[in-house]
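J.: Structure incoming, see below.
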Amino acid sequence: MSNTVKLPTDSEAKALILDIGRRMYDKNFCAANDGNISCRAEDGNFWVTPSGVSKGFMKEEMLVKVDASGNIIEKNGDYKISSEIKLHLKVYEERPDMNAVVHAHPPVSTAFACARKPLNKPVVTEAVLILGEVPVAPFAVPGTPELAETIVPHVHGHAACLLANHGALTWGTDLIQAYYRLETTEYYANMMVLTGEMPVPVHVLNDEELAAVEERRKGYGITF
Ligand SMILES: [Zn+2]
């Protein structure tokens, strides 16, 4: 599919990522350093949020620019690229018509992700219009290539998907659209709850899943 949208300049892309990051943080869509944002710039490369930084406190110099393979094109200082870059690049690979990707952990959407239950109760016209059904991608450990693979069947014919026991992922022809889809996903999840569709039973991670996540913690160097 051809990509006919006017892409942002570097400075437009960076300013917009910071703005969307603040909105995500203020809306409680991402706790602490959670979540990540990317968008395609006019040169075809991608600006991506750094790891280990709150989305509410980003500065332009923290953002990293990569090519479609994840090679770093431009960065300042010691900021590392988001560990979920593989997830973002997989969306762009599968959907070359998309120019922005947003990942966060909005609480109600994430509760449905923990129940591995799609958003599929067509009670609110806005949600139906904007999103249709929001499927759930199978479980994989955050930050791994396996997680990126889980979304492949879902990025075609959908505007958003939930990541099992993790959070939500949206994409769009521009960053505003990708972000609005995240807001609408959380709105849809809230409406599901308010109309009696609860995210239960929850899927508690089994021993194998838990061990894989704990192994990943070591990779991140997280200690208590
Ligand atoms: Zn996440």
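Every chain in the structure tokens takes a letter, A first, then B, and so on in the order presented; its residues are numbered from 1, and the ligands are numbered from 1 following the presented order.
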Counting only C-alpha atoms and all ligand atoms, what residues are within 12 Å of ligand 1, given as a PyMOL selection string?
T.: chain A and resi 29-37+51+82-85+87-88+102-107+110+113+140-144+147-148+162-169
J.: Mind checking which residues fall within 9 Å of Thr49 in chain A, counting only C-alpha atoms, ignoring those fewer than 5 positions away in the same chain, and posting them as a count of residues only?
T.: 17
J.: Of the candidates A:Phe46, A:Phe112, A:Phe139, A:Tyr25, which one gets nearest to Leu210 in chain A if we count only C-alpha atoms?
T.: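 Between A:Phe46, A:Phe112, A:Phe139, A:Tyr25, the residue approaching Leu210 in chain A most closely is A:Phe139.
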J.: List every residue of range 67-96 of chain A that DSSP, applied to the backbone, labels as strand (DSSP E or B), and write the result as number ranges by chain.
T.: A: 72-74, 81
J.: Kindly export the residues of the current selection with C-alpha atoms, as a compact mmCIF listing (two decimals), in the first residue's frame.
T.:
```txt
# COMPACT_ATOMS: atom_id res chain seq x y z
CA ILE A 72 20.82 3.99 15.13
CA ILE A 73 20.98 6.99 12.78
CA GLU A 74 21.07 9.77 15.36
CA ILE A 81 16.48 3.13 22.57
```
J.: Step one, run DSSP on the backbone; step two, keep only residues of range 56-170 of chain A assigned to helix (DSSP H, G or I); then write them as a ChimeraX atom specification.
T.: /A:60-62,85-94,107-115,125-130,145-150,152-154
J.: As a PyMOL selection string, please: the residues near Ala100 in chain A (cut-off 7 Å, only C-alpha atoms, same-chain neighbours under 2 positions excluded).
T.: chain A and resi 38-40+98+102+171-175+178
J.: Let me make sure I understand: among A:Glu94, A:Glu42, A:Glu126, A:Glu60, which one has the smallest atom-to-atom distance to Leu16 in chain A if we use only C-alpha atoms?
T.: A:Glu60
J.: Excluding same-chain residues fewer than 2 positions from Ala127 in chain A, what lies within 10 Å of it counting only C-alpha atoms, as a ChimeraX atom specification?
T.: /A:119-125,129-134,181,184-189,191
